[in-house]
Amino acid sequence: MEPLHEAAWIDWANFTPFASLLGGAMIGFSAIFLMATLGRIAGISGIAASAFFEKEGRIWRIAFLIGLVFAPLLATMMRGEVQPITITSSFPLLIAAGLLVGFGTRLGGGCTSGHGICGISRLSKRSVAAVITFIATGIMTVTVMRHLL
Amino acid sequence: MKEIIFALIAGLLFGLGLVIGGMTDPMKVLAFLDVFGLWDPSLLFVMAGGIIVTFIGYHLQLNRSKMLMVEQCHVPTKTALDRKLISGAALFGIGWGLVGLCPGPAFTALYTVPEQGIVFVVAMLIGMAFHDKVVAK
């Protein structure tokens with residue numbers, strides 16, 4: 001359990017405003033490219049669900065997901081360094097979280113990409129409401145897990 | 001064939017954006033959600049970069065039909081806020097906060113942390129199937 005800070009305190013050591021802005025812009029260009037070429041929204045939860053559970057329009061979605069999975073490999077090849085990623089969560093927690101993310105994104109019609117990037121860019125009221133909601137419950141969850149349990 | 005190549009490029013570009021933006025690392029995502037701890041606001045900058053570019057691009061594409069190679073765009077038409085939207089987003093947020101993975105980074109985790117990645121992605125797909133095949137039917 002970590003101490004509860006009295007006010008929000010910024011983690012300057014890990015804060016990456018420029019890289020994150022650039023990464024976000026690249027996600028934006030991907031979204032525009034997908035709209036220009038296939039006329040589709042770059043919403044990962046929707047693409048994943050249709051790739052696995054629908055009969056039509058599977059192939060482009062599977063291709064998109066393959067690109068997504070191997071992007072870290074491409075990044076490593078381009079930059080020549082491996083950014084180590086660790087997940088310390090237990091398997092039961094991973095399963096619970098996965099189930100909630102899968103069910104919740106389908107019920108809510110989107111995730112961080114579909115609502116957060118594409119929906120807000122279309123000025124969709126639904127997406128703004130969804131983003132506020134999932135960031136709020138995400139913050140609540142992390143606060144409970146890290147500071148209150 | 002063209003479709004497959006375009007989609008593959010879009011997926012790679014999307015994933016590269018996640019990597020460069022730091023969003024493939026669940027610890028960084030959790031640090032964004034940890035506003036009462038040591039807060040890392042980087043995720044806001046990813047969203048800002050993504051929204052600025054996408055807003056301009058979509059505006060040109062959808063409102064003036066420029067820059068489009070397709071006849072038809074598949075864009076959601078619902079506008080009303082409803083209970084499903086909010087409860088779905090709320091549940092998603094809880095799952096997101098538990099581990100720090102949302103669907104995009106879950107797929108890159110298949111490559112970067114395969115063991116945990118596969119467990120999470122399979123659970124996520126089961127959650128999706130439970131909604132699509134059981135609840136929504």
# chains A, B, ... in the order shown; residues from 1 in each chain; ligands from 1
>>> closest_atom_pairs(of="stretch 8-103 of chain B", to="stretch 145-148 of chain A", cutoff="12 Å", atoms="only C-alpha atoms", output="CSV")
residue,atom,partner,partner_atom,distance
B:Leu30,CA,A:Arg146,CA,9.9
B:Ala31,CA,A:Arg146,CA,10.5
B:Leu33,CA,A:Arg146,CA,10.7
B:Asp34,CA,A:Arg146,CA,8.1
B:Val35,CA,A:Arg146,CA,10.9
B:Phe36,CA,A:His147,CA,8.3
B:Gly37,CA,A:His147,CA,8.1
B:Leu38,CA,A:Arg146,CA,11.1
B:Ile94,CA,A:Met145,CA,10.7
B:Gly95,CA,A:Met145,CA,11.9
B:Gly97,CA,A:Met145,CA,8.6
B:Leu98,CA,A:Met145,CA,7.6
B:Val99,CA,A:Met145,CA,10.2
B:Gly100,CA,A:Met145,CA,11.9
>>> write_last_selection(atoms="N, CA and C atoms", output="compact mmCIF listing (two decimals), in the first residue's frame")
# COMPACT_ATOMS: atom_id res chain seq x y z
N LEU B 30 -1.55 2.54 -15.86
CA LEU B 30 -2.01 2.58 -14.47
C LEU B 30 -1.53 3.85 -13.77
N ALA B 31 -0.31 4.32 -14.13
CA ALA B 31 0.21 5.56 -13.54
C ALA B 31 -0.63 6.76 -13.96
N LEU B 33 -3.93 6.50 -14.46
CA LEU B 33 -5.18 6.37 -13.70
C LEU B 33 -4.97 6.61 -12.20
N ASP B 34 -3.70 6.62 -11.78
CA ASP B 34 -3.38 6.78 -10.36
C ASP B 34 -3.24 8.26 -10.00
N VAL B 35 -4.33 8.99 -10.10
CA VAL B 35 -4.26 10.44 -9.89
C VAL B 35 -3.96 10.82 -8.44
N PHE B 36 -4.20 9.89 -7.50
CA PHE B 36 -3.91 10.19 -6.10
C PHE B 36 -2.53 9.68 -5.69
N GLY B 37 -1.83 9.05 -6.62
CA GLY B 37 -0.47 8.60 -6.35
C GLY B 37 0.52 9.47 -7.11
N LEU B 38 1.56 8.84 -7.64
CA LEU B 38 2.52 9.57 -8.47
C LEU B 38 1.96 9.55 -9.89
N ILE B 94 -13.41 -0.41 -15.12
CA ILE B 94 -12.98 -1.22 -13.96
C ILE B 94 -11.95 -2.25 -14.42
N GLY B 95 -12.25 -2.95 -15.51
CA GLY B 95 -11.31 -3.95 -16.02
C GLY B 95 -9.99 -3.32 -16.44
N GLY B 97 -8.67 -0.58 -15.21
CA GLY B 97 -7.94 -0.17 -14.01
C GLY B 97 -7.32 -1.34 -13.25
N LEU B 98 -7.88 -2.54 -13.41
CA LEU B 98 -7.36 -3.69 -12.69
C LEU B 98 -5.95 -4.07 -13.16
N VAL B 99 -5.73 -4.01 -14.49
CA VAL B 99 -4.45 -4.48 -15.03
C VAL B 99 -3.71 -3.41 -15.84
N GLY B 100 -4.46 -2.47 -16.39
CA GLY B 100 -3.83 -1.43 -17.21
C GLY B 100 -3.85 -1.75 -18.70
>>> residues_around(residues="A:Gly116", least_positions_apart="3", cutoff="8 Å", atoms="only C-alpha atoms", output="list in words")
Cys111, Thr112, Ser113, Gly119, Ile120, Ser127, Val128 and Val131 of chain A; Met47 of chain B
>>> write_last_selection(atoms="C-alpha atoms", output="mmCIF file, in the first residue's frame")
data_model
loop_
_atom_site.group_PDB
_atom_site.id
_atom_site.type_symbol
_atom_site.label_atom_id
_atom_site.label_comp_id
_atom_site.auth_asym_id
_atom_site.auth_seq_id
_atom_site.Cartn_x
_atom_site.Cartn_y
_atom_site.Cartn_z
ATOM 1 C CA CYS A 111 -13.059 1.391 -26.017
ATOM 2 C CA THR A 112 -10.224 3.883 -25.682
ATOM 3 C CA SER A 113 -9.696 3.963 -29.461
ATOM 4 C CA GLY A 119 -15.677 9.091 -31.373
ATOM 5 C CA ILE A 120 -14.461 12.298 -29.763
ATOM 6 C CA SER A 127 -18.268 8.853 -26.954
ATOM 7 C CA VAL A 128 -17.608 11.830 -24.685
ATOM 8 C CA VAL A 131 -14.730 8.300 -22.114
ATOM 9 C CA MET B 47 -5.352 11.231 -26.640
#
>>> residues_around(residues="B:Gly11", least_positions_apart="4", cutoff="8 Å", atoms="only C-alpha atoms", output="ChimeraX atom specification")
/A:30,63-68,71 /B:7,15
>>> write_last_selection(atoms="N, CA and C atoms", output="PDB file, in the first residue's frame")
ATOM      1  N   SER A  30      -3.320   6.537 -38.413  1.00  0.00           N
ATOM      2  CA  SER A  30      -3.852   5.200 -38.674  1.00  0.00           C
ATOM      3  C   SER A  30      -5.372   5.263 -38.826  1.00  0.00           C
ATOM      4  N   ALA A  63      -6.201  -8.918 -40.574  1.00  0.00           N
ATOM      5  CA  ALA A  63      -4.958  -8.284 -41.036  1.00  0.00           C
ATOM      6  C   ALA A  63      -4.589  -7.106 -40.146  1.00  0.00           C
ATOM      7  N   PHE A  64      -5.588  -6.297 -39.774  1.00  0.00           N
ATOM      8  CA  PHE A  64      -5.345  -5.153 -38.893  1.00  0.00           C
ATOM      9  C   PHE A  64      -4.769  -5.627 -37.559  1.00  0.00           C
ATOM     10  N   LEU A  65      -5.396  -6.672 -36.994  1.00  0.00           N
ATOM     11  CA  LEU A  65      -4.950  -7.173 -35.690  1.00  0.00           C
ATOM     12  C   LEU A  65      -3.547  -7.762 -35.762  1.00  0.00           C
ATOM     13  N   ILE A  66      -3.230  -8.423 -36.876  1.00  0.00           N
ATOM     14  CA  ILE A  66      -1.876  -8.965 -37.048  1.00  0.00           C
ATOM     15  C   ILE A  66      -0.860  -7.815 -37.064  1.00  0.00           C
ATOM     16  N   GLY A  67      -1.185  -6.752 -37.777  1.00  0.00           N
ATOM     17  CA  GLY A  67      -0.322  -5.573 -37.790  1.00  0.00           C
ATOM     18  C   GLY A  67      -0.118  -5.028 -36.389  1.00  0.00           C
ATOM     19  N   LEU A  68      -1.203  -4.960 -35.641  1.00  0.00           N
ATOM     20  CA  LEU A  68      -1.159  -4.447 -34.271  1.00  0.00           C
ATOM     21  C   LEU A  68      -0.246  -5.301 -33.391  1.00  0.00           C
ATOM     22  N   ALA A  71       3.472  -4.834 -34.300  1.00  0.00           N
ATOM     23  CA  ALA A  71       4.022  -3.477 -34.278  1.00  0.00           C
ATOM     24  C   ALA A  71       5.192  -3.338 -33.298  1.00  0.00           C
TER      25      ALA A  71
ATOM     26  N   ALA B   7      -5.251  -2.631 -44.369  1.00  0.00           N
ATOM     27  CA  ALA B   7      -5.574  -2.911 -42.960  1.00  0.00           C
ATOM     28  C   ALA B   7      -4.324  -3.266 -42.166  1.00  0.00           C
ATOM     29  N   GLY B  15      -0.260   0.321 -33.891  1.00  0.00           N
ATOM     30  CA  GLY B  15       0.558  -0.299 -32.857  1.00  0.00           C
ATOM     31  C   GLY B  15       1.848   0.468 -32.596  1.00  0.00           C
TER      32      GLY B  15
END
>>> select_by_dssp(residues="chain A", states="alpha helix (DSSP H)", output="ChimeraX atom specification")
/A:17-38,44-53,58-79,91-107,120-121,125-143
>>> residues_around(residues="B:Thr24", least_positions_apart="5", cutoff="10 Å", atoms="only C-alpha atoms", output="ChimeraX atom specification")
/A:72,83,85 /B:15-19,29,100-102,104-109,112
>>> write_last_selection(atoms="C-alpha atoms", output="JSON list (two decimals), in the first residue's frame")
[["chain", "number", "residue", "atom", "x", "y", "z"],
["A", 72, "PRO", "CA", 6.29, -3.84, -31.20],
["A", 83, "GLN", "CA", 11.49, -1.48, -24.19],
["A", 85, "ILE", "CA", 7.31, -4.48, -20.45],
["B", 15, "GLY", "CA", 0.56, -0.30, -32.86],
["B", 16, "LEU", "CA", 3.67, 1.82, -33.49],
["B", 17, "GLY", "CA", 1.74, 4.80, -32.15],
["B", 18, "LEU", "CA", 0.92, 2.82, -29.02],
["B", 19, "VAL", "CA", 4.57, 1.80, -28.58],
["B", 29, "VAL", "CA", -1.41, 3.39, -18.14],
["B", 100, "GLY", "CA", -3.83, -1.43, -17.21],
["B", 101, "LEU", "CA", -4.77, -3.10, -20.49],
["B", 102, "CYS", "CA", -7.41, -1.90, -22.93],
["B", 104, "GLY", "CA", -5.29, -2.21, -28.34],
["B", 105, "PRO", "CA", -2.44, -2.78, -25.87],
["B", 106, "ALA", "CA", -3.92, -6.22, -25.10],
["B", 107, "PHE", "CA", -3.06, -7.26, -28.66],
["B", 108, "THR", "CA", 0.46, -5.80, -28.54],
["B", 109, "ALA", "CA", 0.90, -7.67, -25.22],
["B", 112, "THR", "CA", 5.61, -8.22, -25.70]]
>>> closest_residue(among="B:Ile5, B:Leu60, B:Val53, B:Leu43", to="B:Ile20", atoms="only C-alpha atoms")
B:Leu43
>>> closest_residue(among="B:Asp40, B:Asp25, B:Tyr58, B:Ala10", to="A:Ile62", atoms="only C-alpha atoms")
B:Ala10
>>> atom_distance(atom1="atom CA of A:Ser50", atom2="atom CA of B:Gly127")
13.4 Å
>>> atom_distance(atom1="atom CA of A:Met35", atom2="atom CA of B:Leu68")
7.4 Å
>>> residues_around(residues="stretch 71-73 of chain B", least_positions_apart="2", cutoff="8 Å", atoms="only C-alpha atoms", output="PyMOL selection string")
(chain A and resi 35+38-40) or (chain B and resi 62+68-69+75)
>>> residues_around(residues="B:Ile126", least_positions_apart="4", cutoff="7 Å", atoms="only C-alpha atoms", output="PyMOL selection string")
(chain A and resi 99) or (chain B and resi 122+130)
>>> write_last_selection(atoms="C-alpha atoms", output="PDB file, in the first residue's frame")
ATOM      1  CA  LEU A  99     -13.693 -10.482 -19.035  1.00  0.00           C
TER       2      LEU A  99
ATOM      3  CA  VAL B 122      -8.685 -14.985 -24.402  1.00  0.00           C
ATOM      4  CA  PHE B 130     -20.729 -13.520 -23.828  1.00  0.00           C
TER       5      PHE B 130
END
>>> atom_distance(atom1="atom CA of B:Arg83", atom2="atom CA of A:Ile117")
21.6 Å
>>> closest_residue(among="B:Gly21, B:His59, B:Met27, B:Val135", to="chain A", atoms="only C-alpha atoms")
B:Gly21
>>> closest_residue(among="A:Phe103, A:Val144, A:Glu81, A:Ala13", to="chain B", atoms="only C-alpha atoms")
A:Phe103
